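The file work-v3.pdb contains PDB, C-alpha atoms and all ligand atoms:
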```pdb
ATOM      1  CA  MET A   1     237.119 -45.460 196.733
ATOM      2  CA  GLU A   2     234.189 -43.613 198.300
ATOM      3  CA  LEU A   3     233.205 -43.993 201.938
ATOM      4  CA  LEU A   4     229.783 -44.900 203.315
ATOM      5  CA  SER A   5     229.112 -44.112 206.977
ATOM      6  CA  VAL A   6     226.497 -46.333 208.587
ATOM      7  CA  ILE A   7     225.086 -44.682 211.702
ATOM      8  CA  VAL A   8     223.359 -46.940 214.209
ATOM      9  CA  PRO A   9     221.871 -45.431 217.372
ATOM     10  CA  CYS A  10     221.604 -48.128 220.048
ATOM     11  CA  TYR A  11     219.987 -48.108 223.433
ATOM     12  CA  ASN A  12     220.087 -51.412 225.316
ATOM     13  CA  GLU A  13     220.543 -53.448 222.150
ATOM     14  CA  GLU A  14     223.147 -56.029 223.179
ATOM     15  CA  GLU A  15     221.283 -58.859 221.405
ATOM     16  CA  ASN A  16     221.134 -56.920 218.162
ATOM     17  CA  ILE A  17     224.672 -55.552 217.726
ATOM     18  CA  ASP A  18     226.111 -58.672 216.090
ATOM     19  CA  ASP A  19     222.980 -59.509 214.121
ATOM     20  CA  PHE A  20     222.925 -56.039 212.651
ATOM     21  CA  TYR A  21     226.591 -56.201 211.690
ATOM     22  CA  ASN A  22     226.153 -59.606 210.028
ATOM     23  CA  GLU A  23     223.082 -58.476 208.139
ATOM     24  CA  LEU A  24     224.825 -55.308 206.947
ATOM     25  CA  MET A  25     227.903 -57.171 205.786
ATOM     26  CA  LYS A  26     225.764 -59.397 203.582
ATOM     27  CA  ASN A  27     226.086 -56.434 201.245
ATOM     28  CA  GLU A  28     229.869 -56.830 201.125
ATOM     29  CA  ALA A  29     229.824 -57.958 197.484
ATOM     30  CA  PHE A  30     227.772 -54.919 196.573
ATOM     31  CA  PHE A  31     230.099 -52.595 198.496
ATOM     32  CA  SER A  32     233.155 -53.840 196.643
ATOM     33  CA  SER A  33     231.441 -53.745 193.259
ATOM     34  CA  ARG A  34     230.305 -50.167 193.923
ATOM     35  CA  GLU A  35     233.834 -49.355 195.190
ATOM     36  CA  LEU A  36     232.587 -48.345 198.617
ATOM     37  CA  ASP A  37     234.474 -48.429 201.883
ATOM     38  CA  VAL A  38     232.220 -48.760 204.887
ATOM     39  CA  GLU A  39     232.455 -47.424 208.420
ATOM     40  CA  VAL A  40     229.900 -48.526 210.980
ATOM     41  CA  ILE A  41     229.333 -46.036 213.794
ATOM     42  CA  TYR A  42     227.434 -47.512 216.712
ATOM     43  CA  VAL A  43     226.201 -44.656 218.875
ATOM     44  CA  ASP A  44     225.544 -46.040 222.324
ATOM     45  CA  ASP A  45     222.917 -43.864 223.948
ATOM     46  CA  GLY A  46     223.873 -44.592 227.551
ATOM     47  CA  SER A  47     222.847 -48.253 227.472
ATOM     48  CA  LYS A  48     222.632 -50.076 230.773
ATOM     49  CA  ASP A  49     223.247 -53.542 229.322
ATOM     50  CA  GLY A  50     226.232 -55.039 227.495
ATOM     51  CA  THR A  51     225.857 -52.944 224.343
ATOM     52  CA  VAL A  52     229.207 -51.160 224.752
ATOM     53  CA  LYS A  53     231.028 -54.415 225.452
ATOM     54  CA  LYS A  54     229.494 -56.023 222.361
ATOM     55  CA  VAL A  55     230.488 -53.124 220.136
ATOM     56  CA  LYS A  56     234.029 -53.125 221.546
ATOM     57  CA  GLU A  57     234.358 -56.835 220.795
ATOM     58  CA  LEU A  58     233.186 -56.175 217.274
ATOM     59  CA  ALA A  59     235.551 -53.217 216.876
ATOM     60  CA  GLY A  60     238.411 -55.476 217.995
ATOM     61  CA  LYS A  61     237.599 -57.871 215.161
ATOM     62  CA  ASP A  62     236.832 -55.306 212.460
ATOM     63  CA  GLY A  63     238.588 -51.938 212.282
ATOM     64  CA  ARG A  64     235.681 -50.461 210.319
ATOM     65  CA  VAL A  65     233.491 -50.560 213.433
ATOM     66  CA  HIS A  66     233.480 -47.449 215.604
ATOM     67  CA  LEU A  67     231.846 -46.658 218.903
ATOM     68  CA  VAL A  68     230.595 -43.380 220.303
ATOM     69  CA  SER A  69     229.315 -43.858 223.811
ATOM     70  CA  PHE A  70     227.268 -41.227 225.648
ATOM     71  CA  SER A  71     227.553 -40.440 229.342
ATOM     72  CA  ARG A  72     223.826 -41.126 229.779
ATOM     73  CA  ASN A  73     220.660 -41.601 227.728
ATOM     74  CA  PHE A  74     220.240 -38.502 225.574
ATOM     75  CA  GLY A  75     217.594 -39.905 223.237
ATOM     76  CA  LYS A  76     217.709 -41.161 219.670
ATOM     77  CA  GLU A  77     217.812 -37.673 218.164
ATOM     78  CA  ALA A  78     221.054 -36.939 219.980
ATOM     79  CA  GLY A  79     222.416 -40.277 218.760
ATOM     80  CA  ILE A  80     221.617 -39.413 215.164
ATOM     81  CA  TYR A  81     223.229 -35.993 215.537
ATOM     82  CA  ALA A  82     226.401 -37.411 217.077
ATOM     83  CA  GLY A  83     226.615 -40.080 214.391
ATOM     84  CA  LEU A  84     226.255 -37.536 211.600
ATOM     85  CA  GLN A  85     228.920 -35.338 213.208
ATOM     86  CA  LYS A  86     231.362 -38.239 213.435
ATOM     87  CA  ALA A  87     230.617 -39.572 209.957
ATOM     88  CA  LYS A  88     233.437 -38.997 207.515
ATOM     89  CA  GLY A  89     231.780 -40.649 204.539
ATOM     90  CA  ASN A  90     230.802 -39.271 201.161
ATOM     91  CA  TYR A  91     227.450 -40.867 202.016
ATOM     92  CA  ALA A  92     225.765 -41.515 205.323
ATOM     93  CA  VAL A  93     222.910 -43.830 206.139
ATOM     94  CA  LEU A  94     220.881 -43.956 209.362
ATOM     95  CA  MET A  95     219.645 -47.345 210.504
ATOM     96  CA  ASP A  96     217.987 -48.791 213.586
ATOM     97  CA  CYS A  97     219.825 -51.544 215.355
ATOM     98  CA  ASP A  98     216.811 -53.840 215.604
ATOM     99  CA  LEU A  99     216.819 -54.737 211.881
ATOM    100  CA  GLN A 100     213.523 -52.957 211.290
ATOM    101  CA  ASP A 101     215.439 -51.048 208.621
ATOM    102  CA  PRO A 102     216.587 -53.800 206.273
ATOM    103  CA  PRO A 103     220.213 -53.274 205.127
ATOM    104  CA  SER A 104     219.333 -55.330 202.040
ATOM    105  CA  LEU A 105     217.726 -52.174 200.602
ATOM    106  CA  LEU A 106     221.122 -50.460 200.287
ATOM    107  CA  PRO A 107     221.928 -51.517 196.707
ATOM    108  CA  GLU A 108     218.565 -50.196 195.537
ATOM    109  CA  MET A 109     219.111 -46.975 197.451
ATOM    110  CA  PHE A 110     222.456 -46.423 195.806
ATOM    111  CA  GLN A 111     220.848 -46.940 192.431
ATOM    112  CA  TYR A 112     218.798 -43.799 193.049
ATOM    113  CA  ILE A 113     221.758 -41.871 194.432
ATOM    114  CA  ASP A 114     223.639 -42.732 191.246
ATOM    115  CA  GLU A 115     220.652 -41.502 189.252
ATOM    116  CA  GLY A 116     221.189 -38.111 190.861
ATOM    117  CA  TYR A 117     218.945 -38.056 193.933
ATOM    118  CA  ASP A 118     220.454 -36.372 196.989
ATOM    119  CA  SER A 119     218.817 -38.644 199.475
ATOM    120  CA  VAL A 120     216.798 -41.831 199.532
ATOM    121  CA  ALA A 121     214.259 -42.115 202.327
ATOM    122  CA  THR A 122     212.012 -44.956 203.379
ATOM    123  CA  ARG A 123     208.496 -45.168 204.654
ATOM    124  CA  ARG A 124     206.513 -48.105 205.855
ATOM    125  CA  VAL A 125     203.157 -48.507 204.220
ATOM    126  CA  THR A 126     201.691 -50.725 206.923
ATOM    127  CA  ARG A 127     201.866 -50.582 210.671
ATOM    128  CA  LYS A 128     201.507 -54.321 211.054
ATOM    129  CA  GLY A 129     202.322 -55.588 214.534
ATOM    130  CA  GLU A 130     201.790 -52.236 216.187
ATOM    131  CA  PRO A 131     199.116 -51.664 218.853
ATOM    132  CA  PRO A 132     196.029 -50.131 217.117
ATOM    133  CA  VAL A 133     195.830 -47.246 219.610
ATOM    134  CA  ARG A 134     199.382 -46.253 218.806
ATOM    135  CA  SER A 135     198.724 -46.398 215.041
ATOM    136  CA  PHE A 136     195.622 -44.266 215.480
ATOM    137  CA  PHE A 137     197.471 -41.537 217.371
ATOM    138  CA  ALA A 138     200.403 -41.682 214.977
ATOM    139  CA  ARG A 139     198.038 -41.128 212.027
ATOM    140  CA  MET A 140     196.365 -38.242 213.861
ATOM    141  CA  PHE A 141     199.730 -36.694 214.595
ATOM    142  CA  TYR A 142     200.808 -36.720 210.949
ATOM    143  CA  ARG A 143     197.490 -35.357 209.806
ATOM    144  CA  VAL A 144     197.532 -32.454 212.284
ATOM    145  CA  MET A 145     201.218 -31.812 211.775
ATOM    146  CA  ASN A 146     200.894 -31.464 208.019
ATOM    147  CA  LYS A 147     197.971 -29.076 208.441
ATOM    148  CA  ILE A 148     199.796 -26.731 210.776
ATOM    149  CA  SER A 149     203.356 -26.894 209.487
ATOM    150  CA  LYS A 150     204.811 -25.765 206.188
ATOM    151  CA  THR A 151     207.477 -28.432 206.457
ATOM    152  CA  GLU A 152     206.327 -31.693 204.928
ATOM    153  CA  ILE A 153     206.411 -34.595 207.344
ATOM    154  CA  VAL A 154     205.586 -37.896 205.690
ATOM    155  CA  ASP A 155     203.320 -40.388 207.464
ATOM    156  CA  GLY A 156     205.114 -43.620 208.204
ATOM    157  CA  ALA A 157     208.505 -42.151 207.347
ATOM    158  CA  ARG A 158     211.323 -43.965 209.070
ATOM    159  CA  ASP A 159     214.649 -42.486 209.992
ATOM    160  CA  TYR A 160     216.249 -45.018 207.611
ATOM    161  CA  ARG A 161     217.739 -42.720 205.012
ATOM    162  CA  LEU A 162     220.748 -42.598 202.747
ATOM    163  CA  MET A 163     222.134 -39.184 201.960
ATOM    164  CA  THR A 164     225.015 -37.473 200.269
ATOM    165  CA  ARG A 165     227.617 -35.389 202.088
ATOM    166  CA  GLN A 166     225.853 -32.223 200.987
ATOM    167  CA  VAL A 167     222.646 -33.230 202.771
ATOM    168  CA  VAL A 168     224.564 -34.365 205.872
ATOM    169  CA  ASP A 169     226.250 -30.968 206.084
ATOM    170  CA  ALA A 170     222.910 -29.224 205.677
ATOM    171  CA  ILE A 171     221.446 -31.232 208.555
ATOM    172  CA  LEU A 172     224.470 -30.548 210.737
ATOM    173  CA  ALA A 173     224.137 -26.846 210.022
ATOM    174  CA  MET A 174     220.827 -26.991 211.900
ATOM    175  CA  ALA A 175     222.391 -26.918 215.332
ATOM    176  CA  GLU A 176     219.148 -26.620 217.254
ATOM    177  CA  TYR A 177     218.744 -28.221 220.642
ATOM    178  CA  ASN A 178     215.199 -29.530 220.177
ATOM    179  CA  ARG A 179     215.909 -31.878 217.337
ATOM    180  CA  PHE A 180     213.036 -33.441 215.425
ATOM    181  CA  THR A 181     214.821 -35.232 212.616
ATOM    182  CA  LYS A 182     211.712 -36.031 210.581
ATOM    183  CA  GLY A 183     211.045 -32.309 210.347
ATOM    184  CA  ILE A 184     214.673 -31.388 209.758
ATOM    185  CA  PHE A 185     214.861 -33.744 206.756
ATOM    186  CA  GLY A 186     211.795 -32.119 205.263
ATOM    187  CA  TRP A 187     213.057 -28.644 206.024
ATOM    188  CA  VAL A 188     216.455 -28.999 204.313
ATOM    189  CA  GLY A 189     214.771 -30.150 201.127
ATOM    190  CA  TYR A 190     216.931 -31.620 198.300
ATOM    191  CA  GLN A 191     215.810 -34.263 195.839
ATOM    192  CA  THR A 192     214.468 -37.167 197.859
ATOM    193  CA  LYS A 193     213.398 -40.547 196.537
ATOM    194  CA  TRP A 194     210.934 -42.430 198.730
ATOM    195  CA  LEU A 195     211.092 -46.210 198.971
ATOM    196  CA  GLU A 196     208.203 -48.076 200.511
ATOM    197  CA  TYR A 197     208.156 -51.323 202.379
ATOM    198  CA  GLU A 198     205.979 -53.358 204.684
ATOM    199  CA  ASN A 199     206.604 -52.858 208.373
ATOM    200  CA  ILE A 200     209.114 -55.349 209.715
ATOM    201  CA  GLU A 201     208.808 -56.287 213.352
ATOM    202  CA  ARG A 202     211.737 -55.930 215.703
ATOM    203  CA  LYS A 203     213.883 -59.099 215.780
ATOM    204  CA  LYS A 204     215.002 -59.142 219.402
ATOM    205  CA  GLY A 205     214.568 -57.053 222.517
ATOM    206  CA  GLU A 206     211.705 -54.605 222.892
ATOM    207  CA  THR A 207     210.803 -51.144 221.751
ATOM    208  CA  LYS A 208     212.391 -48.266 223.658
ATOM    209  CA  TRP A 209     209.492 -45.926 222.970
ATOM    210  CA  SER A 210     206.600 -45.996 225.393
ATOM    211  CA  PHE A 211     203.344 -44.340 224.432
ATOM    212  CA  TRP A 212     204.103 -41.450 226.770
ATOM    213  CA  LYS A 213     207.595 -40.941 225.312
ATOM    214  CA  LEU A 214     206.093 -40.885 221.817
ATOM    215  CA  PHE A 215     203.447 -38.413 222.921
ATOM    216  CA  LEU A 216     206.047 -35.986 224.320
ATOM    217  CA  TYR A 217     208.116 -36.480 221.173
ATOM    218  CA  SER A 218     205.111 -35.519 219.039
ATOM    219  CA  LEU A 219     204.764 -32.290 221.065
ATOM    220  CA  ASP A 220     208.458 -31.623 220.404
ATOM    221  CA  GLY A 221     207.777 -32.097 216.717
ATOM    222  CA  ILE A 222     204.839 -29.703 216.706
ATOM    223  CA  THR A 223     206.565 -26.933 218.639
ATOM    224  CA  ALA A 224     209.759 -27.323 216.632
ATOM    225  CA  PHE A 225     208.121 -27.011 213.225
ATOM    226  CA  SER A 226     204.967 -24.998 213.679
ATOM    227  CA  THR A 227     203.926 -21.808 215.416
ATOM    228  CA  VAL A 228     200.261 -22.279 214.516
ATOM    229  CA  PRO A 229     199.311 -23.321 218.091
ATOM    230  CA  LEU A 230     200.425 -19.856 219.248
ATOM    231  CA  ALA A 231     198.047 -18.321 216.731
ATOM    232  CA  ILE A 232     195.280 -20.674 217.866
ATOM    233  CA  ALA A 233     195.601 -19.151 221.332
ATOM    234  CA  SER A 234     195.018 -15.617 220.024
ATOM    235  CA  ILE A 235     192.227 -16.635 217.662
ATOM    236  CA  MET A 236     190.415 -18.447 220.455
ATOM    237  CA  GLY A 237     190.772 -15.406 222.693
ATOM    238  CA  LEU A 238     189.348 -13.172 219.975
ATOM    239  CA  LEU A 239     186.385 -15.485 219.305
ATOM    240  CA  PHE A 240     185.543 -15.545 222.977
ATOM    241  CA  CYS A 241     185.648 -11.762 223.245
ATOM    242  CA  ILE A 242     183.237 -11.441 220.312
ATOM    243  CA  PHE A 243     180.990 -14.069 221.852
ATOM    244  CA  ALA A 244     181.010 -12.241 225.192
ATOM    245  CA  PHE A 245     180.128  -8.882 223.569
ATOM    246  CA  ILE A 246     177.166 -10.426 221.752
ATOM    247  CA  MET A 247     175.974 -12.008 224.991
ATOM    248  CA  ILE A 248     176.221  -8.705 226.855
ATOM    249  CA  ALA A 249     174.289  -6.914 224.134
ATOM    250  CA  LEU A 250     171.589  -9.593 224.227
ATOM    251  CA  ILE A 251     171.236  -9.387 227.984
ATOM    252  CA  ILE A 252     170.949  -5.596 227.926
ATOM    253  CA  ILE A 253     168.337  -5.704 225.165
ATOM    254  CA  ARG A 254     166.400  -8.388 227.008
ATOM    255  CA  LYS A 255     166.457  -6.340 230.200
ATOM    256  CA  LEU A 256     165.385  -3.092 228.464
ATOM    257  CA  ILE A 257     162.655  -4.536 226.266
ATOM    258  CA  PHE A 258     161.242  -7.413 228.307
ATOM    259  CA  GLY A 259     162.307  -6.290 231.786
ATOM    260  CA  ASP A 260     163.719  -9.771 232.244
ATOM    261  CA  PRO A 261     165.364 -10.257 235.643
ATOM    262  CA  THR A 262     168.950 -11.380 234.885
ATOM    263  CA  SER A 263     168.926 -14.951 236.136
ATOM    264  CA  GLY A 264     170.708 -18.223 235.765
ATOM    265  CA  TRP A 265     173.894 -18.447 237.703
ATOM    266  CA  PRO A 266     174.554 -22.115 236.696
ATOM    267  CA  SER A 267     175.093 -20.972 233.137
ATOM    268  CA  LEU A 268     177.400 -18.263 234.456
ATOM    269  CA  VAL A 269     179.468 -20.823 236.329
ATOM    270  CA  CYS A 270     179.777 -22.899 233.171
ATOM    271  CA  ILE A 271     180.950 -19.912 231.178
ATOM    272  CA  ILE A 272     183.492 -18.926 233.823
ATOM    273  CA  LEU A 273     184.810 -22.484 233.985
ATOM    274  CA  MET A 274     185.054 -22.721 230.223
ATOM    275  CA  CYS A 275     186.792 -19.349 229.860
ATOM    276  CA  SER A 276     189.316 -20.043 232.574
ATOM    277  CA  GLY A 277     189.947 -23.471 231.064
ATOM    278  CA  ILE A 278     190.643 -21.937 227.708
ATOM    279  CA  GLN A 279     192.895 -19.326 229.278
ATOM    280  CA  LEU A 280     194.925 -21.999 231.024
ATOM    281  CA  PHE A 281     195.128 -23.996 227.810
ATOM    282  CA  CYS A 282     196.451 -20.984 225.917
ATOM    283  CA  ILE A 283     198.952 -20.122 228.626
ATOM    284  CA  GLY A 284     200.033 -23.751 228.411
ATOM    285  CA  ILE A 285     200.700 -23.368 224.677
ATOM    286  CA  VAL A 286     202.774 -20.261 225.312
ATOM    287  CA  GLY A 287     204.578 -22.151 228.072
ATOM    288  CA  GLN A 288     205.483 -24.962 225.657
ATOM    289  CA  TYR A 289     207.189 -22.547 223.308
ATOM    290  CA  LEU A 290     208.768 -20.631 226.130
ATOM    291  CA  SER A 291     210.294 -23.780 227.585
ATOM    292  CA  LYS A 292     211.680 -24.751 224.175
ATOM    293  CA  THR A 293     213.129 -21.277 223.752
ATOM    294  CA  TYR A 294     214.587 -21.510 227.231
ATOM    295  CA  MET A 295     216.351 -24.772 226.424
ATOM    296  CA  GLU A 296     217.532 -23.387 223.083
ATOM    297  CA  VAL A 297     218.942 -20.244 224.713
ATOM    298  CA  LYS A 298     220.891 -22.247 227.260
ATOM    299  CA  LYS A 299     222.900 -23.755 224.385
ATOM    300  CA  ARG A 300     223.552 -26.971 226.243
ATOM    301  CA  PRO A 301     225.392 -29.637 224.268
ATOM    302  CA  VAL A 302     223.047 -32.105 222.572
ATOM    303  CA  TYR A 303     225.082 -35.017 223.975
ATOM    304  CA  LEU A 304     228.179 -35.772 226.044
ATOM    305  CA  ILE A 305     230.649 -38.447 225.017
ATOM    306  CA  LYS A 306     232.092 -40.777 227.607
ATOM    307  CA  GLU A 307     234.162 -42.939 225.331
ATOM    308  CA  GLU A 308     235.007 -43.256 221.679
ATOM    309  CA  ILE A 309     236.743 -45.826 219.473
TER     310      ILE A 309
HETATM  311  N1  LIG A 401     217.170 -45.642 220.553
HETATM  312  C1  LIG A 401     218.164 -44.791 221.070
HETATM  313  N2  LIG A 401     217.880 -44.045 222.181
HETATM  314  C2  LIG A 401     216.662 -44.080 222.815
HETATM  315  C3  LIG A 401     215.658 -44.915 222.267
HETATM  316  C4  LIG A 401     215.941 -45.680 221.138
HETATM  317  O1  LIG A 401     219.268 -44.728 220.535
HETATM  318  O2  LIG A 401     216.487 -43.383 223.805
HETATM  319  C5  LIG A 401     217.462 -46.455 219.352
HETATM  320  C6  LIG A 401     217.160 -47.948 219.523
HETATM  321  O3  LIG A 401     218.242 -48.638 220.082
HETATM  322  C7  LIG A 401     216.892 -48.382 218.102
HETATM  323  C8  LIG A 401     216.267 -47.145 217.473
HETATM  324  O4  LIG A 401     216.621 -46.049 218.311
HETATM  325  O5  LIG A 401     218.075 -48.707 217.386
HETATM  326  C9  LIG A 401     214.763 -47.257 217.349
HETATM  327  O6  LIG A 401     214.194 -47.580 218.594
HETATM  328  P1  LIG A 401     213.053 -48.669 218.744
HETATM  329  O7  LIG A 401     213.295 -49.810 217.832
HETATM  330  O8  LIG A 401     212.949 -48.996 220.193
HETATM  331  O9  LIG A 401     211.789 -47.845 218.286
HETATM  332  P2  LIG A 401     210.575 -48.380 217.376
HETATM  333  O10 LIG A 401     211.179 -49.042 216.177
HETATM  334  O11 LIG A 401     209.822 -49.331 218.242
HETATM  335  O12 LIG A 401     209.820 -47.143 217.041
HETATM  336 MG    MG A 402     212.482 -50.505 216.240
END
```

What is this file in structure tokens?
Amino acid sequence: MELLSVIVPCYNEEENIDDFYNELMKNEAFFSSRELDVEVIYVDDGSKDGTVKKVKELAGKDGRVHLVSFSRNFGKEAGIYAGLQKAKGNYAVLMDCDLQDPPSLLPEMFQYIDEGYDSVATRRVTRKGEPPVRSFFARMFYRVMNKISKTEIVDGARDYRLMTRQVVDAILAMAEYNRFTKGIFGWVGYQTKWLEYENIERKKGETKWSFWKLFLYSLDGITAFSTVPLAIASIMGLLFCIFAFIMIALIIIRKLIFGDPTSGWPSLVCIILMCSGIQLFCIGIVGQYLSKTYMEVKKRPVYLIKEEI
């Protein structure tokens, strides 16, 4: 028998714990025909509702259910990392608790694994049911990201992914503190099969990602997988120096040839404002990387466990 580890990060998902379990176990016939044992690892990300209680109840009924409970909210990335570390399976699959990642895809995913793929990833082809502003910024993010990073990050990719032990170990070997899983998956490589499906809306409860949280997360992604913004800062500085030299030359020539009194302080104010703005912007970019380096150097644990079953 081979073992499949199902990793489910949950944050305030009490209504979804049972539904997810029931939906997953609809594959029971497939699991036994494929000779797969299953372990379900619910990673509770410091939920404030009855999530832990629900999982404990479930674990009491079914020994295949495990719980890893954090001491506070560490974010989904930490949940994924903890789950992968705890997973003992020959295969591991990441799934959201809200049934936006349909467990019914598992048999098809295993088909590709059996064909020799190392991992099977999913992407949603529509963003149905999502606020248009959010979709717009998400699209922009992927477009910019793929321009400035060598690591391929697929638009609409979900974290729903089945992978072999080899891939899991590769991901765990990346012990960085600022974890951006979408980038990490791309970075480790391996043969990946992409499955596409229409966006499925969350069954119960509400999304845990506010626009602001997503925005900060996108900055994490950029700084973790690209150093192009640092180069932008230098290039901009260089361009402005060249521009300034040309301006100075022009002013001198104008003064010498036409005897033009050097006038126009409003334009000067504009230039000063613009230059100092750009300087601040560039220092900000450096600051972003510095803060990430700072966190990385501290080597703080990615998560702390309060309780485990
Ligand atoms: N999640 C988590 N920690 C967080 C935020 C979210 O573990 O800080 C989990 C959440 O419980 C869910 C999954 O990550 O299982 C995806 O979150 P959500 O459905 O809210 O995001 P969306 O699908 O709206 O992007
Ligand atoms: Mg969701």

Which residues are close to Met236 in chain A, i.e. within 9 Å by all atoms listed in the file, leaving aside same-chain residues fewer than 4 positions away? Reply as a VMD selection string. chain A and resid 231 to 232 240 to 241 278 282

Would you give me, as CSV, each residue of chain A having an atom within 9 Å of an atom of ligand LIG 401 (chain A), along with its shortest atom pair and that distance in Å to one decimal, using all atoms listed in the file and sorting by chain and residue number?
```
residue,atom,partner,partner_atom,distance
A:Val8,CA,A:LIG401,O5,6.4
A:Pro9,CA,A:LIG401,O1,4.2
A:Cys10,CA,A:LIG401,O3,3.4
A:Tyr11,CA,A:LIG401,O3,3.8
A:Asn12,CA,A:LIG401,O3,6.2
A:Glu13,CA,A:LIG401,O3,5.7
A:Asn16,CA,A:LIG401,O5,8.8
A:Val43,CA,A:LIG401,O1,7.1
A:Asp44,CA,A:LIG401,O1,6.7
A:Asp45,CA,A:LIG401,O1,5.1
A:Gly46,CA,A:LIG401,N2,8.1
A:Ser47,CA,A:LIG401,N2,8.4
A:Asn73,CA,A:LIG401,O2,6.0
A:Phe74,CA,A:LIG401,O2,6.4
A:Gly75,CA,A:LIG401,O2,3.7
A:Lys76,CA,A:LIG401,N2,3.8
A:Glu77,CA,A:LIG401,N2,7.5
A:Ala78,CA,A:LIG401,O1,8.0
A:Gly79,CA,A:LIG401,O1,5.7
A:Ile80,CA,A:LIG401,O1,7.9
A:Met95,CA,A:LIG401,O5,7.2
A:Asp96,CA,A:LIG401,O5,3.8
A:Cys97,CA,A:LIG401,O5,3.9
A:Asp98,CA,A:LIG401,O5,5.6
A:Leu99,CA,A:LIG401,O5,8.3
A:Gln100,CA,A:LIG401,O10,6.7
A:Asp101,CA,A:LIG401,O10,8.9
A:Glu130,CA,A:LIG401,O11,8.8
A:Arg158,CA,A:LIG401,O12,8.7
A:Asp159,CA,A:LIG401,C9,8.8
A:Glu201,CA,A:LIG401,O10,8.1
A:Arg202,CA,A:LIG401,O7,6.7
A:Gly205,CA,A:LIG401,O8,8.5
A:Glu206,CA,A:LIG401,O8,6.3
A:Thr207,CA,A:LIG401,O8,3.4
A:Lys208,CA,A:LIG401,O8,3.6
A:Trp209,CA,A:LIG401,O8,5.4
A:Ser210,CA,A:LIG401,O11,8.5
A:Leu214,CA,A:LIG401,O12,8.7
```

For the file shown, report as a VMD selection string the outcome of the PyMOL selection byres (((chain A and resi 177-193) around 8) and not hetatm) at residue level. chain A and resid 77 to 78 112 117 to 121 151 to 153 157 159 167 170 to 171 174 to 176 194 to 195 220 to 221 224 to 225 292 295 to 296 299 to 302

Given the file above and the PyMOL selection byres (((chain A and resi 125) around 12) and not hetatm), which residues are selected, and can you give them as a ChimeraX atom specification? /A:122-124,126-128,135,139,154-158,194-200

Could you please give me, as a ChimeraX atom specification, the residues of protein, DNA or RNA lying at most 12 Å from (236.7, -55.8, 209.9) in the coordinate frame of the file, considering all atoms listed in the file? /A:21-22,25,28,37-40,57-66

Applied to the shown file, which residues does the PyMOL selection byres (((chain A and resi 94) around 7) and not hetatm) return, written as a count of residues only? 10

To one decimal place in Å, what is the distance between CA of Val144 in chain A and CA of Ser234 in chain A?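 Interatomic distance, CA of Val144 in chain A to CA of Ser234 in chain A: 18.7 Å.
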
Which polymer residues have any atom within 8 Å of an atom of Lys150 in chain A, counting all atoms listed in the file, with same-chain residues fewer than 3 positions away left out, as an mmCIF file with C-alpha atoms, in the frame of the given file?
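So the final result, stored in part_20.cif, reads:
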```cif
data_model
loop_
_atom_site.group_PDB
_atom_site.id
_atom_site.type_symbol
_atom_site.label_atom_id
_atom_site.label_comp_id
_atom_site.auth_asym_id
_atom_site.auth_seq_id
_atom_site.Cartn_x
_atom_site.Cartn_y
_atom_site.Cartn_z
ATOM 1 C CA ASN A 146 200.894 -31.464 208.019
ATOM 2 C CA LYS A 147 197.971 -29.076 208.441
ATOM 3 C CA PHE A 225 208.121 -27.011 213.225
ATOM 4 C CA SER A 226 204.967 -24.998 213.679
#
```

For a quick check of understanding, using only C-alpha atoms and all ligand atoms, which of A:Ile235, A:Phe136, A:Leu230, A:Pro102 has the smallest distance to ligand MG 402 (chain A)? A:Pro102

What does the distance between CA of Gly237 in chain A and CA of Ile251 in chain A come to in Å, to one decimal place? 21.1 Å

Counting all atoms listed in the file, I want the residues whose atoms come within 6 Å of (225.4, -57.3, 222.7) in the file frame, returned as number ranges by chain. A: 14-15, 17, 50-51, 54

In Å, rounded to a single decimal, give me how far CA of Ala233 in chain A is from CA of Phe281 in chain A.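 Taking CA of Phe281 in chain A and CA of Ala233 in chain A, their separation equals 8.1 Å.
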
For each of A:Ile246, A:Ser33, A:Ser104, A:Met145, take the minimum atom-to-atom distance to Val228 in chain A, counting all atoms listed in the file, then give the residue where this is smallest. A:Met145

Nearest candidate to ligand MG 402 (chain A) (options A:Lys203, A:Tyr303, A:Met274, A:Gln288; using all atoms listed in the file):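 Using all atoms listed in the file, the shortest distance to ligand MG 402 (chain A) belongs to A:Lys203.
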
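Of the listed residues A:Leu36, A:Cys275, A:Leu105, A:Met163, the one whose atoms come nearest to Leu3 in chain A is A:Leu36, with distances taken using only C-alpha atoms.
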
My list of candidates is A:Leu250, A:Met140, A:Gly129, A:Lys298. Which is closest to ligand MG 402 (chain A) when distances are computed with all atoms listed in the file? A:Gly129

Which of these residues is nearest to ligand MG 402 (chain A), using only C-alpha atoms and all ligand atoms: A:Lys204, A:Arg143, A:Lys213, A:Arg134? A:Lys204
